[in-house]
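Listing of protein_8.cif; format and content: mmCIF, C-alpha atoms, pLDDT in the B column; chains and numbers go by the auth columns.
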```cif
data_coords
loop_
_atom_site.group_PDB
_atom_site.id
_atom_site.type_symbol
_atom_site.label_atom_id
_atom_site.label_comp_id
_atom_site.label_asym_id
_atom_site.label_seq_id
_atom_site.Cartn_x
_atom_site.Cartn_y
_atom_site.Cartn_z
_atom_site.B_iso_or_equiv
_atom_site.auth_seq_id
_atom_site.auth_asym_id
ATOM 1 C CA LYS A 1 -26.567 -4.578 -1.201 43.00 72 A
ATOM 2 C CA ALA A 2 -24.266 -5.336 -4.111 49.00 73 A
ATOM 3 C CA GLY A 3 -20.563 -4.637 -4.024 58.00 74 A
ATOM 4 C CA PHE A 4 -17.964 -4.482 -1.323 64.00 75 A
ATOM 5 C CA ASP A 5 -18.039 -1.847 1.359 87.00 76 A
ATOM 6 C CA GLY A 6 -14.972 -0.579 3.098 93.00 77 A
ATOM 7 C CA VAL A 7 -12.583 2.322 3.406 95.00 78 A
ATOM 8 C CA GLU A 8 -9.178 2.463 1.769 95.00 79 A
ATOM 9 C CA ILE A 9 -6.839 5.097 3.152 98.00 80 A
ATOM 10 C CA HIS A 10 -4.450 6.158 0.387 96.00 81 A
ATOM 11 C CA ALA A 11 -1.110 6.768 2.063 96.00 82 A
ATOM 12 C CA ALA A 12 1.098 6.141 -0.984 93.00 83 A
ATOM 13 C CA HIS A 13 2.305 7.751 -4.218 88.00 84 A
ATOM 14 C CA GLY A 14 3.324 11.144 -2.855 85.00 85 A
ATOM 15 C CA TYR A 15 -0.136 12.260 -1.752 90.00 86 A
ATOM 16 C CA LEU A 16 -0.494 14.189 1.511 96.00 87 A
ATOM 17 C CA ILE A 17 -0.300 11.248 3.926 98.00 88 A
ATOM 18 C CA ALA A 18 2.648 9.794 2.008 95.00 89 A
ATOM 19 C CA GLN A 19 4.455 13.131 2.320 95.00 90 A
ATOM 20 C CA PHE A 20 4.191 12.884 6.099 98.00 91 A
ATOM 21 C CA LEU A 21 5.443 9.266 6.013 98.00 92 A
ATOM 22 C CA SER A 22 8.371 9.984 3.707 96.00 93 A
ATOM 23 C CA SER A 23 11.806 10.211 5.275 95.00 94 A
ATOM 24 C CA ALA A 24 12.926 12.033 2.096 93.00 95 A
ATOM 25 C CA ARG A 25 10.112 14.607 2.030 93.00 96 A
ATOM 26 C CA ASN A 26 9.043 15.177 5.633 96.00 97 A
ATOM 27 C CA ARG A 27 11.274 17.920 7.059 96.00 98 A
ATOM 28 C CA ARG A 28 9.110 18.669 10.080 97.00 99 A
ATOM 29 C CA LYS A 29 10.768 19.246 13.447 97.00 100 A
ATOM 30 C CA ASP A 30 7.651 18.698 15.557 98.00 101 A
ATOM 31 C CA GLY A 31 5.812 15.546 16.648 98.00 102 A
ATOM 32 C CA TYR A 32 4.974 14.740 13.014 98.00 103 A
ATOM 33 C CA GLY A 33 8.579 14.588 11.791 98.00 104 A
ATOM 34 C CA GLY A 34 11.804 12.767 12.480 97.00 105 A
ATOM 35 C CA GLU A 35 11.593 9.059 13.213 97.00 106 A
ATOM 36 C CA LEU A 36 8.960 6.876 11.539 98.00 107 A
ATOM 37 C CA LYS A 37 6.844 6.684 14.698 98.00 108 A
ATOM 38 C CA ASN A 38 6.348 10.451 14.469 98.00 109 A
ATOM 39 C CA ARG A 39 5.984 10.565 10.675 98.00 110 A
ATOM 40 C CA ALA A 40 3.250 7.906 10.968 98.00 111 A
ATOM 41 C CA ARG A 41 1.325 9.886 13.590 98.00 112 A
ATOM 42 C CA PHE A 42 -0.870 11.695 11.025 98.00 113 A
ATOM 43 C CA LEU A 43 -1.863 8.394 9.350 98.00 114 A
ATOM 44 C CA LEU A 44 -2.503 6.672 12.669 98.00 115 A
ATOM 45 C CA GLU A 45 -4.710 9.576 13.766 98.00 116 A
ATOM 46 C CA ILE A 46 -6.691 9.168 10.536 98.00 117 A
ATOM 47 C CA VAL A 47 -7.061 5.433 11.159 98.00 118 A
ATOM 48 C CA SER A 48 -8.231 6.139 14.709 98.00 119 A
ATOM 49 C CA ALA A 49 -10.793 8.707 13.552 98.00 120 A
ATOM 50 C CA ILE A 50 -12.167 6.361 10.892 97.00 121 A
ATOM 51 C CA ARG A 51 -12.323 3.454 13.347 96.00 122 A
ATOM 52 C CA GLY A 52 -14.140 5.732 15.798 96.00 123 A
ATOM 53 C CA SER A 53 -16.687 6.551 13.120 96.00 124 A
ATOM 54 C CA VAL A 54 -17.263 3.161 11.458 95.00 125 A
ATOM 55 C CA GLY A 55 -16.592 0.790 14.351 95.00 126 A
ATOM 56 C CA ARG A 56 -14.307 -2.224 14.678 93.00 127 A
ATOM 57 C CA SER A 57 -16.177 -4.545 12.303 93.00 128 A
ATOM 58 C CA TYR A 58 -16.194 -2.288 9.227 95.00 129 A
ATOM 59 C CA PRO A 59 -13.363 -3.063 6.756 96.00 130 A
ATOM 60 C CA VAL A 60 -10.569 -0.482 6.704 97.00 131 A
ATOM 61 C CA TRP A 61 -7.385 -0.981 4.760 97.00 132 A
ATOM 62 C CA CYS A 62 -4.460 1.206 3.852 98.00 133 A
ATOM 63 C CA ARG A 63 -2.363 1.661 0.711 97.00 134 A
ATOM 64 C CA ILE A 64 1.288 2.350 1.480 97.00 135 A
ATOM 65 C CA ASN A 65 4.560 2.649 -0.373 95.00 136 A
ATOM 66 C CA GLY A 66 6.696 -0.449 0.001 95.00 137 A
ATOM 67 C CA GLU A 67 9.655 1.767 -0.855 94.00 138 A
ATOM 68 C CA GLU A 68 10.601 5.156 -2.237 91.00 139 A
ATOM 69 C CA SER A 69 13.074 4.052 -4.879 85.00 140 A
ATOM 70 C CA GLY A 70 15.624 6.478 -6.180 81.00 141 A
ATOM 71 C CA LEU A 71 14.809 9.124 -3.563 84.00 142 A
ATOM 72 C CA ALA A 72 17.844 10.056 -1.480 88.00 143 A
ATOM 73 C CA GLY A 73 17.059 9.041 2.083 90.00 144 A
ATOM 74 C CA GLY A 74 13.677 7.647 1.029 92.00 145 A
ATOM 75 C CA ASN A 75 11.738 4.973 2.877 95.00 146 A
ATOM 76 C CA THR A 76 12.824 1.370 2.412 96.00 147 A
ATOM 77 C CA ILE A 77 11.048 -1.947 2.713 97.00 148 A
ATOM 78 C CA ASN A 78 12.182 -1.996 6.357 98.00 149 A
ATOM 79 C CA ASP A 79 10.268 1.247 6.949 98.00 150 A
ATOM 80 C CA ALA A 80 7.221 -0.210 5.182 98.00 151 A
ATOM 81 C CA GLN A 81 7.397 -3.296 7.389 98.00 152 A
ATOM 82 C CA GLU A 82 7.569 -1.177 10.534 98.00 153 A
ATOM 83 C CA LEU A 83 4.668 0.974 9.324 98.00 154 A
ATOM 84 C CA ALA A 84 2.639 -2.136 8.474 98.00 155 A
ATOM 85 C CA ARG A 85 3.056 -3.410 12.049 98.00 156 A
ATOM 86 C CA MET A 86 1.867 -0.027 13.353 98.00 157 A
ATOM 87 C CA LEU A 87 -1.160 -0.120 11.065 98.00 158 A
ATOM 88 C CA GLU A 88 -2.022 -3.656 12.116 98.00 159 A
ATOM 89 C CA GLY A 89 -1.801 -2.560 15.749 98.00 160 A
ATOM 90 C CA ALA A 90 -4.099 0.381 14.982 98.00 161 A
ATOM 91 C CA GLY A 91 -6.795 -1.960 13.673 97.00 162 A
ATOM 92 C CA VAL A 92 -6.346 -1.824 9.899 98.00 163 A
ATOM 93 C CA ASN A 93 -7.779 -4.968 8.288 98.00 164 A
ATOM 94 C CA ALA A 94 -5.433 -5.184 5.280 98.00 165 A
ATOM 95 C CA ILE A 95 -2.513 -3.431 3.621 98.00 166 A
ATOM 96 C CA ASN A 96 -2.242 -2.605 -0.088 98.00 167 A
ATOM 97 C CA VAL A 97 1.454 -2.280 -1.000 97.00 168 A
ATOM 98 C CA SER A 98 2.561 -0.092 -3.900 93.00 169 A
ATOM 99 C CA ALA A 99 5.637 2.128 -4.335 88.00 170 A
ATOM 100 C CA ILE A 100 6.889 5.479 -5.495 82.00 171 A
ATOM 101 C CA SER A 101 9.986 6.244 -7.503 74.00 172 A
ATOM 102 C CA ALA A 102 12.015 9.339 -8.271 66.00 173 A
ATOM 103 C CA THR A 103 11.839 8.232 -11.921 63.00 174 A
ATOM 104 C CA PHE A 104 8.046 7.747 -11.901 59.00 175 A
ATOM 105 C CA PRO A 105 6.735 9.940 -9.053 53.00 176 A
ATOM 106 C CA SER A 106 3.060 9.731 -9.976 56.00 177 A
ATOM 107 C CA THR A 107 0.507 6.969 -9.677 55.00 178 A
ATOM 108 C CA CYS A 108 0.796 6.315 -13.409 59.00 179 A
ATOM 109 C CA TRP A 109 3.506 3.695 -13.626 61.00 180 A
ATOM 110 C CA PRO A 110 4.645 3.028 -17.190 62.00 181 A
ATOM 111 C CA MET A 111 3.613 -0.131 -18.968 65.00 182 A
ATOM 112 C CA SER A 112 7.304 -0.765 -19.697 69.00 183 A
ATOM 113 C CA LEU A 113 7.833 -2.018 -16.152 75.00 184 A
ATOM 114 C CA PRO A 114 7.917 -5.811 -15.877 81.00 185 A
ATOM 115 C CA GLN A 115 4.781 -7.658 -14.862 87.00 186 A
ATOM 116 C CA GLY A 116 4.646 -8.049 -11.101 88.00 187 A
ATOM 117 C CA TRP A 117 7.274 -5.348 -10.515 87.00 188 A
ATOM 118 C CA ALA A 118 6.036 -4.556 -6.972 92.00 189 A
ATOM 119 C CA VAL A 119 5.145 -8.042 -5.738 96.00 190 A
ATOM 120 C CA HIS A 120 8.410 -8.375 -3.781 96.00 191 A
ATOM 121 C CA LEU A 121 7.357 -5.369 -1.682 97.00 192 A
ATOM 122 C CA ALA A 122 4.012 -6.928 -0.750 98.00 193 A
ATOM 123 C CA GLU A 123 5.828 -10.167 -0.002 98.00 194 A
ATOM 124 C CA GLY A 124 8.175 -8.310 2.350 98.00 195 A
ATOM 125 C CA VAL A 125 5.277 -6.685 4.201 98.00 196 A
ATOM 126 C CA LYS A 126 3.384 -9.997 4.408 98.00 197 A
ATOM 127 C CA LYS A 127 6.309 -11.489 6.358 98.00 198 A
ATOM 128 C CA VAL A 128 5.739 -9.156 9.319 98.00 199 A
ATOM 129 C CA VAL A 129 1.952 -8.870 9.704 98.00 200 A
ATOM 130 C CA ASN A 130 -0.938 -11.229 10.324 98.00 201 A
ATOM 131 C CA ILE A 131 -3.494 -9.301 8.271 98.00 202 A
ATOM 132 C CA PRO A 132 -4.037 -9.700 4.512 98.00 203 A
ATOM 133 C CA VAL A 133 -1.584 -7.978 2.194 98.00 204 A
ATOM 134 C CA MET A 134 -2.397 -6.889 -1.362 97.00 205 A
ATOM 135 C CA ALA A 135 0.045 -6.816 -4.280 97.00 206 A
ATOM 136 C CA VAL A 136 -0.021 -4.528 -7.326 94.00 207 A
ATOM 137 C CA GLY A 137 2.125 -3.971 -10.378 89.00 208 A
ATOM 138 C CA ARG A 138 0.973 -5.058 -13.847 88.00 209 A
ATOM 139 C CA ILE A 139 -0.336 -8.399 -12.648 92.00 210 A
ATOM 140 C CA THR A 140 -2.088 -10.620 -15.170 90.00 211 A
ATOM 141 C CA LEU A 141 -4.616 -13.297 -14.227 91.00 212 A
ATOM 142 C CA GLU A 142 -2.018 -16.029 -14.739 93.00 213 A
ATOM 143 C CA LEU A 143 0.694 -14.206 -12.791 95.00 214 A
ATOM 144 C CA GLY A 144 -1.769 -13.361 -10.030 95.00 215 A
ATOM 145 C CA GLU A 145 -2.734 -16.992 -9.649 95.00 216 A
ATOM 146 C CA ARG A 146 0.929 -18.014 -9.401 97.00 217 A
ATOM 147 C CA ILE A 147 1.672 -15.283 -6.828 97.00 218 A
ATOM 148 C CA LEU A 148 -1.252 -16.485 -4.706 98.00 219 A
ATOM 149 C CA GLN A 149 -0.200 -20.144 -5.045 98.00 220 A
ATOM 150 C CA GLU A 150 3.332 -19.185 -3.927 97.00 221 A
ATOM 151 C CA GLU A 151 1.777 -17.319 -0.967 97.00 222 A
ATOM 152 C CA LYS A 152 3.719 -14.141 -1.724 97.00 223 A
ATOM 153 C CA THR A 153 0.582 -12.121 -0.998 98.00 224 A
ATOM 154 C CA ASP A 154 -3.013 -12.650 0.039 98.00 225 A
ATOM 155 C CA LEU A 155 -4.854 -10.532 -2.532 96.00 226 A
ATOM 156 C CA ILE A 156 -4.157 -9.273 -6.041 95.00 227 A
ATOM 157 C CA VAL A 157 -5.071 -5.715 -7.065 93.00 228 A
ATOM 158 C CA MET A 158 -5.622 -5.046 -10.751 90.00 229 A
ATOM 159 C CA GLY A 159 -6.538 -1.575 -11.968 85.00 230 A
ATOM 160 C CA ARG A 160 -5.644 -0.991 -15.601 81.00 231 A
ATOM 161 C CA ALA A 161 -6.576 -4.531 -16.604 86.00 232 A
ATOM 162 C CA HIS A 162 -10.151 -3.935 -15.443 85.00 233 A
ATOM 163 C CA LEU A 163 -10.296 -0.583 -17.208 87.00 234 A
ATOM 164 C CA ALA A 164 -9.138 -2.233 -20.423 88.00 235 A
ATOM 165 C CA ASP A 165 -11.535 -5.171 -20.029 91.00 236 A
ATOM 166 C CA PRO A 166 -14.436 -4.731 -17.574 89.00 237 A
ATOM 167 C CA GLU A 167 -15.434 -8.364 -18.178 92.00 238 A
ATOM 168 C CA LEU A 168 -12.000 -9.680 -17.134 87.00 239 A
ATOM 169 C CA VAL A 169 -13.185 -11.445 -13.973 81.00 240 A
ATOM 170 C CA ASN A 170 -16.234 -12.920 -15.696 87.00 241 A
ATOM 171 C CA LYS A 171 -14.018 -14.468 -18.367 80.00 242 A
#
```
Let me see whether you can do it: turn the structure in this file into structure tokens.
Amino acid sequence: KAGFDGVEIHAAHGYLIAQFLSSARNRRKDGYGGELKNRARFLLEIVSAIRGSVGRSYPVWCRINGEESGLAGGNTINDAQELARMLEGAGVNAINVSAISATFPSTCWPMSLPQGWAVHLAEGVKKVVNIPVMAVGRITLELGERILQEEKTDLIVMGRAHLADPELVNK
């Protein structure tokens, strides 16, 4: 069977799971609000349900925000590190680190951001877990190679570059 199988849980960019995780957006007063342990409950229940369905050997990874920049009271890299440890403990195989910003609240980050703008967040998460960490953020082939050589992250994620040039990897 060609291709890579696995499940990525998207818990970043302001989508539903990210809203639960967000210290700036989650105003709940029940067991799903307050401290990060409670805000992460929804995500950890999803991880548990997926693991129960696919088993321990099937690849499951999670995309999280490394920070919520510009959001008053938003999550920081310290929160992302704590969440990453929880996810590792729950059996996630890898963590894909992105971010959200009050300036750019969607998943469509502008091309004006510098290349590798989010690598420092993946590097921060990598310091606290023993599972692979993925970096995003306008990464070119050359920059990606350097980031890997410097061991700032374990994997490079490239979206727009592959849309612009589907033969990128073959080149």
Point out the residue among A:Ile80, A:Ala95, A:Leu87, A:Phe113 with the least atom-to-atom distance to Ala143 of chain A, counting all atoms listed in the file.
A:Ala95
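Relative to atom CA of Asp150 of chain A, atom CA of Leu115 of chain A is found at 15.0 Å.
Each of A:Leu114, A:Ala120, A:Ala193, A:Cys133 was compared to Gln152 of chain A using only C-alpha atoms, and A:Ala193 turns out to be the nearest.
Residues matched by the PyMOL selection byres ((chain A and resi 128) around 12) in this file are A:Asp76, A:Gly77, A:Val78, A:Ile121, A:Arg122, A:Gly123, A:Ser124, A:Val125, A:Gly126, A:Arg127, A:Tyr129, A:Pro130, A:Val131, A:Gly162, A:Val163, A:Asn164.
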Residue IDs satisfying the PyMOL selection byres ((chain A and resi 92) around 6), as a list in words:
Ala89, Gln90, Phe91, Ser93, Arg110 and Ala111 of chain A
Leaving out Pro185 of chain A and any residue of its chain fewer than 4 positions from it, which residues lie within 12 Å of it when counting only C-alpha atoms, given as a list in words?
Trp180, Pro181, Ala189, Val190, Val207, Gly208, Arg209, Ile210, Thr211 and Leu214 of chain A
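Distance-wise, atom CA of Glu216 of chain A and atom CA of Val168 of chain A end up 17.6 Å apart.
Closest to Ser119 of chain A among A:Leu158, A:Glu213, A:His191, A:Ala165 is A:Leu158, based on all atoms listed in the file.
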Report, in Å to a single decimal, how far apart atom CA of Glu222 of chain A and atom CA of Ala151 of chain A are.
19.0 Å
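Across A:Ser169, A:Leu184, A:Gly144, A:His81, the tightest approach to Asn97 of chain A is made by A:Gly144 when counting only C-alpha atoms.
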Size and centre in Å, one decimal, axis-aligned box, all listed segment 160-172 of chain A atoms plus 3 Å per side, as JSON:
```
{"center_x": 1.1, "center_y": 0.5, "center_z": 4.1, "size_x": 23.8, "size_y": 17.4, "size_z": 29.3}
```
Can you tell me, as number ranges by chain, what residues are no more than 12 Å from Ser94 of chain A when counting all atoms listed in the file, ignoring any on the same chain fewer than 6 positions away?
A: 85, 103-111, 136, 138-140, 142-147, 150-151
Those same residues - C-alpha atoms - I'd like them written as a short mmCIF file (atom, residue, chain, number, x, y, z; two decimals), keeping the file's coordinate frame.
```cif
data_model
loop_
_atom_site.label_atom_id
_atom_site.label_comp_id
_atom_site.auth_asym_id
_atom_site.auth_seq_id
_atom_site.Cartn_x
_atom_site.Cartn_y
_atom_site.Cartn_z
CA GLY A 85 3.32 11.14 -2.86
CA TYR A 103 4.97 14.74 13.01
CA GLY A 104 8.58 14.59 11.79
CA GLY A 105 11.80 12.77 12.48
CA GLU A 106 11.59 9.06 13.21
CA LEU A 107 8.96 6.88 11.54
CA LYS A 108 6.84 6.68 14.70
CA ASN A 109 6.35 10.45 14.47
CA ARG A 110 5.98 10.56 10.68
CA ALA A 111 3.25 7.91 10.97
CA ASN A 136 4.56 2.65 -0.37
CA GLU A 138 9.65 1.77 -0.86
CA GLU A 139 10.60 5.16 -2.24
CA SER A 140 13.07 4.05 -4.88
CA LEU A 142 14.81 9.12 -3.56
CA ALA A 143 17.84 10.06 -1.48
CA GLY A 144 17.06 9.04 2.08
CA GLY A 145 13.68 7.65 1.03
CA ASN A 146 11.74 4.97 2.88
CA THR A 147 12.82 1.37 2.41
CA ASP A 150 10.27 1.25 6.95
CA ALA A 151 7.22 -0.21 5.18
#
```
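Counting all atoms listed in the file and comparing A:Ala170, A:Ala82, A:Lys242, A:Ile148, the residue that lies closest to Arg134 of chain A is A:Ala82.
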From the set A:Arg156, A:Arg99, A:Arg112, A:Lys223, which residue has the shortest atom-to-atom contact distance to Gly187 of chain A, counting all atoms listed in the file?
A:Lys223
